[in-house]
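Following: one structure in structure tokens, then a few remarks.
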Amino acid sequence: MTEPLLTVDGLTKSYGRRRACDRIGFTLDPGEVLAVVGESGSGKSTLLSLVAGEVAADAGSVAYRMRDGATRDLAALSAAERRALMRTDWGFVRQDSTQGLRMAVSAGGNVGERLMGIGERHYGRIRATALDWLARVEIAPDRIDDPPTRFSGGMRQRLQIARNLVTAPRLVLMDEPTSGLDVSVQARLLDTIRGLVAELGLAVIIVTHDLAVARLLSHRVLVMRGGRVIETGLTDQVLDDPQAAYTQLLVSSVLAA
Amino acid sequence: MNPQVTDTDTGGTGYNFAYLDEGTKRMIRRAILKAIAIPGYQVPFAAREMPMPYGWGTGGVQLTAAILGASDVLKVIDQGADDTTNAVSIRRFFTATAGVATTTRTARATVIQTRHRIPEAPLAEGQVLVYQVPIPEPLRFLEPRETETRELHALGEYGLMHVKLYEDIARHGHIATTYAYPVEVAGRYVMDPSPTPKFDNPKMDDCPALQLFGAGREKRIYAIPPYTRVRSLDFEDHPFRVQSFAHPCALCGAQGVYLDEVVLDDAGGRMFVCSDTDHCETRRADGHTGEAA
């Protein structure tokens, strides 16, 4: 039995009198993909922000097994340690690509930023790595000097993925990475993500309102409603045989093509 | 206990010595001391309204006013020249309010206030070089949030600075930043050396003189103490290089100095002359001549 990569326990956050997240707990093993599903306002995105430490929790803890094997409480890390962790061992792919990318900087610069952040000072190597990663997310090499403002929505999300994976992180958080994209672009993006996740053995927490995304990518599902986890289990089990009434509603609301 | 601070009227101008009141000078000196103690760190200070517009050197003038003593000899440079508007008016300002001696000779000055250039003549111990700085934050155009840039400085996260240099090479094939070229001071803080051309960056390194930087609008003071390591940022395969000029100065024949282009007529005639007017005049007085002289 290996120790989990990430242990979330009793995570709670209120905005005024509204509980965005209410005592949420789960564990994530290395290489495991967890989908967090639920309708808008169910607390999915808040949960992700809490895990990433971008929003301070009212109660609860997030513990992470560092590369040296020691499990540390993220709240106890110094600012420097937390930031170093975030830009090397973690990735965060955002719903709004303008928040996850530097829009005024070229694609190559976007991918190279993390490398320069950890001390790479050789232009040729940075460029070669950036080209390699653009190819892996299926962005043409001649677009390396274009800023993301000239990219389509799907390409921007691909670029975000490349930018995050360049330092070989072990955990990637994704917040609705496919929303706002048309269906064929979604399918290609999901295909890319699935390939990379399997190839690199990434642990992923993916927040989505789209059950098809959860079905395609995740091993386990966490169903949220009103800030609470109402059902959790293996993806196939939850989606094929939902127990909670709300999950049954969610599953039956999927439009058949 | 606070010692008594008294203002003194100089020459019946109605102003205290060097314009600023003694309380303000003391506040600025404290900021300067802190800046010297933490090389390259931007120290906030309560910049005053000065009788000149922002962008004309209000930061530099306040630094000069705070450090000037009655026996100091002041030199003011604007773009290398001693005789341009900004230089002339600041020199006149301190002549009127402090009654200090002024000079155009680098070697004779004890305090040199500058915009854009570091004199070609080597600086010596005991001299103070005061820079007028428009934008003190080197990360400003990459990260607009001041709260975030402060954190980046605090944690020494300067990867972003290299992203700017990366973009230069990607666009132009070489590092095209030619002024305000970022430097790392004493192995710690990354600093914007104000709009000086990168040609002058190497002169900041291990300099015997004290270098002070003042940004009036942005209310920041920073410093490089004497004999401090100042390194221009670069890539291993794109090392830092300064501009080189094909011709020597047309008036004094100097080589290895920063040159200004002067248009002579409307038929394409031009010549390149020393940007440092004092350096050029000194050389010509010593008998050096260029092709146009």
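Identifiers in the structure tokens: chain A, B, ... in order shown; residue index from 1 per chain; ligand index from 1 in order shown.
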As a PyMOL selection string, which residues of region 44-284 of chain B does DSSP assign to alpha helix (DSSP H)?
chain B and resi 58-67+85-98+146-155+159-172+201-204+277-284
Interface, chain B side, toward chain A (7 Å; only C-alpha atoms) as a PyMOL selection string:
chain B and resi 155+157-160+162-163+166-167+170+235-237
Please produce a file of those selected residues containing C-alpha atoms, as a PDB file, in the first residue's frame.
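This went into selection_9.pdb:
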```
ATOM      1  CA  LEU B 155      11.491  35.552  -2.909  1.00  0.00           C
ATOM      2  CA  GLU B 157      11.984  34.831  -8.309  1.00  0.00           C
ATOM      3  CA  TYR B 158      13.427  36.419 -11.402  1.00  0.00           C
ATOM      4  CA  GLY B 159      12.517  33.871 -14.068  1.00  0.00           C
ATOM      5  CA  LEU B 160      10.131  36.445 -15.494  1.00  0.00           C
ATOM      6  CA  HIS B 162      14.528  36.185 -18.456  1.00  0.00           C
ATOM      7  CA  VAL B 163      11.190  35.730 -20.233  1.00  0.00           C
ATOM      8  CA  TYR B 166      13.835  35.316 -24.294  1.00  0.00           C
ATOM      9  CA  GLU B 167      11.179  37.329 -26.146  1.00  0.00           C
ATOM     10  CA  ALA B 170      12.831  35.121 -30.308  1.00  0.00           C
ATOM     11  CA  PHE B 235      21.672  33.639 -21.397  1.00  0.00           C
ATOM     12  CA  GLU B 236      24.627  31.251 -21.537  1.00  0.00           C
ATOM     13  CA  ASP B 237      24.370  31.091 -25.335  1.00  0.00           C
TER      14      ASP B 237
END
```
Which residues are near region 227-231 of chain A? Cut-off 12 Å, only C-alpha atoms, ignore same chain within fewer than 2 positions. Put them as a VMD selection string.
chain A and resid 10 to 15 18 to 26 35 to 47 220 to 225 233 to 235 237 to 239 241 to 248 250
From A:Val166, A:Ala59, A:Leu101, A:Ala135, residue lying nearest Asp89 (chain A) [only C-alpha atoms]:
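Of all the options, A:Val166 lies closest to Asp89 (chain A).
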Determine, counting only C-alpha atoms, which protein, DNA and RNA residues have an atom within 10 Å of an atom of Gly187 (chain B); residues of the same chain fewer than 3 positions away are not included. Present the result as a PyMOL selection string.
chain B and resi 39-40+183-184+190+228-231
Write a file of the just-selected residues containing N, CA and C atoms, as a short mmCIF file (atom, residue, chain, number, x, y, z; two decimals), in the first residue's frame.
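Result file follows (part.cif):
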```
data_model
loop_
_atom_site.label_atom_id
_atom_site.label_comp_id
_atom_site.auth_asym_id
_atom_site.auth_seq_id
_atom_site.Cartn_x
_atom_site.Cartn_y
_atom_site.Cartn_z
N PRO B 39 21.58 46.45 -1.08
CA PRO B 39 21.86 46.90 -2.44
C PRO B 39 20.82 46.41 -3.45
N GLY B 40 20.29 47.35 -4.24
CA GLY B 40 19.35 47.00 -5.30
C GLY B 40 17.90 46.94 -4.85
N VAL B 183 19.84 44.43 -14.28
CA VAL B 183 21.07 43.94 -13.67
C VAL B 183 20.75 43.28 -12.33
N GLU B 184 21.61 42.36 -11.95
CA GLU B 184 21.51 41.73 -10.64
C GLU B 184 22.59 42.37 -9.75
N VAL B 190 17.30 42.07 -8.43
CA VAL B 190 17.37 42.51 -9.82
C VAL B 190 16.84 43.94 -9.87
N THR B 228 30.52 47.11 -5.53
CA THR B 228 29.50 46.06 -5.47
C THR B 228 29.44 45.37 -6.82
N ARG B 229 29.21 44.04 -6.77
CA ARG B 229 29.09 43.27 -7.99
C ARG B 229 27.76 43.59 -8.67
N VAL B 230 27.83 44.04 -9.92
CA VAL B 230 26.62 44.31 -10.69
C VAL B 230 26.72 43.51 -11.98
N ARG B 231 25.80 42.59 -12.18
CA ARG B 231 25.88 41.67 -13.32
C ARG B 231 24.66 41.89 -14.21
#
```
Rounded to one decimal place, report the CA of Tyr19 (chain B)-CA of Ala65 (chain B) distance in Å.
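Value for the CA of Tyr19 (chain B)-CA of Ala65 (chain B) distance: 7.0 Å.
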Which of region 1-217 of chain A DSSP labels strand (DSSP E), written as a PDB file with C-alpha atoms, in the first residue's frame:
```
ATOM      1  CA  LEU A   6      -2.528  14.207  -1.823  1.00  0.00           C
ATOM      2  CA  THR A   7      -4.684  14.024   1.290  1.00  0.00           C
ATOM      3  CA  VAL A   8      -7.501  16.522   1.683  1.00  0.00           C
ATOM      4  CA  ASP A   9      -9.275  16.541   5.010  1.00  0.00           C
ATOM      5  CA  GLY A  10     -12.294  18.502   6.270  1.00  0.00           C
ATOM      6  CA  LEU A  11     -11.778  21.385   3.857  1.00  0.00           C
ATOM      7  CA  THR A  12     -14.300  24.139   4.584  1.00  0.00           C
ATOM      8  CA  LYS A  13     -14.779  27.590   3.141  1.00  0.00           C
ATOM      9  CA  SER A  14     -17.628  30.036   3.611  1.00  0.00           C
ATOM     10  CA  TYR A  15     -18.349  33.228   1.765  1.00  0.00           C
ATOM     11  CA  ARG A  18     -22.891  30.658   2.253  1.00  0.00           C
ATOM     12  CA  ARG A  19     -20.793  27.511   2.551  1.00  0.00           C
ATOM     13  CA  ALA A  20     -18.924  27.077  -0.712  1.00  0.00           C
ATOM     14  CA  CYS A  21     -17.179  23.952   0.552  1.00  0.00           C
ATOM     15  CA  ASP A  22     -18.327  21.960   3.543  1.00  0.00           C
ATOM     16  CA  ARG A  23     -15.936  19.482   5.199  1.00  0.00           C
ATOM     17  CA  ILE A  24     -14.580  17.963   2.019  1.00  0.00           C
ATOM     18  CA  GLY A  25     -12.121  15.128   2.233  1.00  0.00           C
ATOM     19  CA  PHE A  26     -10.510  12.759  -0.256  1.00  0.00           C
ATOM     20  CA  THR A  27      -7.188  11.217  -1.143  1.00  0.00           C
ATOM     21  CA  LEU A  28      -5.445  11.028  -4.477  1.00  0.00           C
ATOM     22  CA  VAL A  33      -7.370  10.996 -12.150  1.00  0.00           C
ATOM     23  CA  LEU A  34     -10.176  12.354 -10.019  1.00  0.00           C
ATOM     24  CA  ALA A  35     -13.097  14.175 -11.591  1.00  0.00           C
ATOM     25  CA  VAL A  36     -15.074  16.645  -9.514  1.00  0.00           C
ATOM     26  CA  VAL A  37     -18.526  17.038 -11.071  1.00  0.00           C
ATOM     27  CA  ALA A  59     -10.903  24.821   8.313  1.00  0.00           C
ATOM     28  CA  GLY A  60      -9.332  21.599   7.125  1.00  0.00           C
ATOM     29  CA  SER A  61      -5.983  20.651   5.682  1.00  0.00           C
ATOM     30  CA  VAL A  62      -4.264  19.699   2.453  1.00  0.00           C
ATOM     31  CA  ALA A  63      -1.233  17.426   2.751  1.00  0.00           C
ATOM     32  CA  TYR A  64       1.065  16.574  -0.138  1.00  0.00           C
ATOM     33  CA  ARG A  65       3.786  13.960  -0.482  1.00  0.00           C
ATOM     34  CA  THR A  71       4.225  14.362   3.443  1.00  0.00           C
ATOM     35  CA  ARG A  72       3.831  18.023   4.325  1.00  0.00           C
ATOM     36  CA  ASP A  73       0.869  20.155   5.282  1.00  0.00           C
ATOM     37  CA  TRP A  90       2.136  21.129  -9.677  1.00  0.00           C
ATOM     38  CA  GLY A  91       0.307  22.480 -12.675  1.00  0.00           C
ATOM     39  CA  PHE A  92      -2.908  24.464 -12.930  1.00  0.00           C
ATOM     40  CA  VAL A  93      -4.823  24.557 -16.199  1.00  0.00           C
ATOM     41  CA  LEU A 171      -0.068  16.735  -9.913  1.00  0.00           C
ATOM     42  CA  VAL A 172      -2.119  18.848 -12.295  1.00  0.00           C
ATOM     43  CA  LEU A 173      -5.290  20.706 -11.387  1.00  0.00           C
ATOM     44  CA  MET A 174      -7.659  21.405 -14.255  1.00  0.00           C
ATOM     45  CA  ASP A 175     -10.621  23.725 -14.004  1.00  0.00           C
ATOM     46  CA  ALA A 203      -2.218  12.623 -10.936  1.00  0.00           C
ATOM     47  CA  VAL A 204      -5.041  14.959 -11.966  1.00  0.00           C
ATOM     48  CA  ILE A 205      -7.942  16.656 -10.284  1.00  0.00           C
ATOM     49  CA  ILE A 206     -10.263  17.789 -13.039  1.00  0.00           C
ATOM     50  CA  VAL A 207     -13.259  19.948 -12.326  1.00  0.00           C
ATOM     51  CA  THR A 208     -16.009  19.647 -14.903  1.00  0.00           C
TER      52      THR A 208
END
```
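Between CA of Ala176 (chain B) and CA of Glu261 (chain B) the separation is 19.2 Å.
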Hey, which of B:Glu49, B:Glu151, B:Asp7, B:Asp265 ends up closest to Gly216 (chain B)? Count only C-alpha atoms.
B:Glu49
So the first atom is CA of Leu134 (chain A) and the second is CA of Gly31 (chain A); what is the distance between them in Å, to one decimal place?
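Spanning CA of Leu134 (chain A) to CA of Gly31 (chain A) is a straight-line distance of 22.7 Å.
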Closest of B:Phe245, B:Tyr189, B:Phe213, B:Tyr227 to Ile28 (chain B) - atom-to-atom distances counting only C-alpha atoms
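Result for the nearest residue to Ile28 (chain B): B:Phe213.
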Need the shell around Ala124 (chain B): protein/DNA/RNA residues with any atom at most 7 Å away, counting only C-alpha atoms. Skip same-chain ones fewer than 3 positions apart. Format as a ChimeraX atom specification?
/B:127,208-209
